[in-house]
Amino acid sequence: MHEAGLYFPYVDVRDDDWLKLAMLYWPRIYRIVPPDYPMRESRTAQDFRRAGLLGAVDPILGSDAVAMMAALMRIEFFTTLAENADALDNYSTARAKAEFDGRPSFGPPPDDRLDPALGWLHSTKVSFAEIVDLRRAGLAEYGPRLPLGEQWVGLHPTLAGAYMTALANEIAGSLALQPLTDQADLRIVAPNGGVASALDLLVGRSPDRPSEPAAVDEYVMLALECVRPKTLGGVSAKQIIRCRKNLAGELADFRAFVEQQNAELAAITSLPPGQRKLDAFADHVRDTVEAPLQRLERGLQLHKLDTVRTMLVTGTLATPPLASLGLDHLGAGSTIGMSVATVAGMGAAWWQVHAARESVRRSSPLSYLLDVRDKLTPKTIAGRFQRIVKGSY
């Protein structure tokens with residue numbers, strides 16, 4: 001069974017481009033949505049939700065197991081913070097405001113009346129009883145009540161990030177979901193080994209604990225970034241959904257390939273934080289994704305060029321009427337730099353070239369990434385002929 005994803009730390013996904021890429025891999029993505037939460041979804045998120053691909057998990061009124069686990073996690077987290085308040089001066093709300101440089105490290109607040117220097121949590125995720133001691137210690141504060149009656153709790157961004165990361169890990173573990181985030185800063189400031197790891201880091205403890213889960217989400221997203229269309233902002237959610245459907249077989253092969261990386265990724269994540277860990281992860285992505293993709297592209301290019309050249313030289317192509325190729329209005333001779341007859345012949349060769357291309361692609365599970373790029377990158381008729389000539393289509 002392939003895991004679905006659990007998005008955090010927010011309810012509404014902040015980066016539409018990230019969401020589009022994530023939807024090219026995970027079967028479904030859930031969000032942690034408290035009851036009566038006023039959604040602020042983008043058009044992209046709405047389209048994915050309506051298609052049944054963007055769901056919700058209720059940590060308060062959801063299944064008994066999830067609600068009880070979330071409640072216990074909150075109590076443990078905030079109780080431990082309150083008990084160690086003296087050691088957490090660096091995480092006070094006053095310190096966060098004093099050090100704020102104008103760039104929110106926990107993402108922009110959900111309303112411009114909330115101080116962007118803090119990390120804001122919806123009050124349904126943290127009750128007054130749980131944070132009363134934190135407020136007295138200067139580690140938390142309530143924001144102004146908003147017009148719709150919303151109440152938010154402000155924490156130092158590191159505390160907010162640690163809390164939401166721990167909550168996401170606890171919920172994901174109970175529901176067999178993969179925690180996912182579009183916040184790069186959050187990965188740096190917040191631990192991702194669950195509530196125990198978060199508390200150990202924040203209060204300066206370092207006992208033995210289980211190793212972190214394999215960084216599958218980072219691996220997948222970096223793999224997709226290798227073929228990310230430059231114009232992804234112009235790609236609609238509906239195009240992503242069609243791409244998933246049309247490439248279902250190739251996606252299954254790619255998922256199986258990713259599952260084979262688990263052991264190596266787990267070994268890398270067990271390394272202590274630092275440059276060695278980052279280098280090991282980068283090397284693994286390069287060796288298993290970047291280099292094979294380059295070899296696959298080279299193989300496709302040579303295969304296509306040889307096939308086209310052979311068919312042209314041997315005269316096995318029947319040149320179709322120019323009108324059937326739409327060349328009469330393309331300016332093909334000046335745009336492509338070849339005679340119209342030659343270009344017309346190459347257009348007729350496309351179906352034979354396509355078959356050879358597909359044969360090469362099927363030999364690699366990474367062909368899914370190339371197919372994603374092809375399907376999501378806008379192509380004009382003239383552009384297709386240029387790529388055929390260059391052997392890069």
# chains A, B, ... in the order shown; residues from 1 in each chain; ligands from 1

call {"tool": "residues_around", "arguments": {"residues": "Ala176 in chain A", "least_positions_apart": "2", "cutoff": "9 Å", "atoms": "only C-alpha atoms", "output": "ChimeraX atom specification"}}
result
/A:3-5,171-174,178

call {"tool": "write_last_selection", "arguments": {"atoms": "N, CA, C and O atoms", "output": "PDB file, in the first residue's frame"}}
result
ATOM      1  N   GLU A   3       1.611   5.025   0.815  1.00  0.00           N
ATOM      2  CA  GLU A   3       1.130   5.978   1.794  1.00  0.00           C
ATOM      3  C   GLU A   3       0.578   7.236   1.130  1.00  0.00           C
ATOM      4  O   GLU A   3       1.106   7.717   0.142  1.00  0.00           O
ATOM      5  N   ALA A   4      -0.491   7.748   1.729  1.00  0.00           N
ATOM      6  CA  ALA A   4      -0.940   9.084   1.379  1.00  0.00           C
ATOM      7  C   ALA A   4      -0.129  10.073   2.213  1.00  0.00           C
ATOM      8  O   ALA A   4       0.640   9.683   3.095  1.00  0.00           O
ATOM      9  N   GLY A   5      -0.289  11.371   1.948  1.00  0.00           N
ATOM     10  CA  GLY A   5       0.492  12.365   2.653  1.00  0.00           C
ATOM     11  C   GLY A   5      -0.347  13.126   3.669  1.00  0.00           C
ATOM     12  O   GLY A   5      -1.574  13.210   3.551  1.00  0.00           O
ATOM     13  N   ILE A 171      -0.044  12.051  14.385  1.00  0.00           N
ATOM     14  CA  ILE A 171      -1.241  11.714  13.604  1.00  0.00           C
ATOM     15  C   ILE A 171      -0.872  10.832  12.410  1.00  0.00           C
ATOM     16  O   ILE A 171      -1.545   9.845  12.118  1.00  0.00           O
ATOM     17  N   ALA A 172       0.219  11.194  11.720  1.00  0.00           N
ATOM     18  CA  ALA A 172       0.642  10.417  10.551  1.00  0.00           C
ATOM     19  C   ALA A 172       0.969   8.981  10.944  1.00  0.00           C
ATOM     20  O   ALA A 172       0.628   8.032  10.231  1.00  0.00           O
ATOM     21  N   GLY A 173       1.632   8.815  12.092  1.00  0.00           N
ATOM     22  CA  GLY A 173       1.984   7.470  12.533  1.00  0.00           C
ATOM     23  C   GLY A 173       0.769   6.609  12.808  1.00  0.00           C
ATOM     24  O   GLY A 173       0.764   5.403  12.516  1.00  0.00           O
ATOM     25  N   SER A 174      -0.297   7.202  13.356  1.00  0.00           N
ATOM     26  CA  SER A 174      -1.490   6.423  13.690  1.00  0.00           C
ATOM     27  C   SER A 174      -2.346   6.112  12.464  1.00  0.00           C
ATOM     28  O   SER A 174      -3.120   5.157  12.477  1.00  0.00           O
ATOM     29  N   GLN A 178       2.287   9.882   5.327  1.00  0.00           N
ATOM     30  CA  GLN A 178       3.631  10.441   5.207  1.00  0.00           C
ATOM     31  C   GLN A 178       3.571  11.940   5.478  1.00  0.00           C
ATOM     32  O   GLN A 178       2.917  12.679   4.741  1.00  0.00           O
TER      33      GLN A 178
END

call {"tool": "residues_around", "arguments": {"residues": "Lys238 in chain A", "least_positions_apart": "2", "cutoff": "12 Å", "atoms": "only C-alpha atoms", "output": "count of residues only"}}
result
23

call {"tool": "atom_distance", "arguments": {"atom1": "CA of Ala256 in chain A", "atom2": "CA of Arg373 in chain A"}}
result
19.6 Å

call {"tool": "select_by_dssp", "arguments": {"residues": "range 42-143 of chain A", "states": "strand (DSSP E)", "output": "VMD selection string"}}
result
chain A and resid 54 to 57 119 to 122 140 to 142

call {"tool": "atom_distance", "arguments": {"atom1": "CA of Gln183 in chain A", "atom2": "CA of Phe8 in chain A"}}
result
8.7 Å

call {"tool": "atom_distance", "arguments": {"atom1": "CA of Ala137 in chain A", "atom2": "CA of Leu159 in chain A"}}
result
13.7 Å

call {"tool": "residues_around", "arguments": {"residues": "Ala82 in chain A", "least_positions_apart": "6", "cutoff": "10 Å", "atoms": "only C-alpha atoms", "output": "list in words"}}
result
Leu88, Glu130, Ile131, Val132, Asp133, Leu134, Arg135, Arg136, Ala137 and Leu139 of chain A
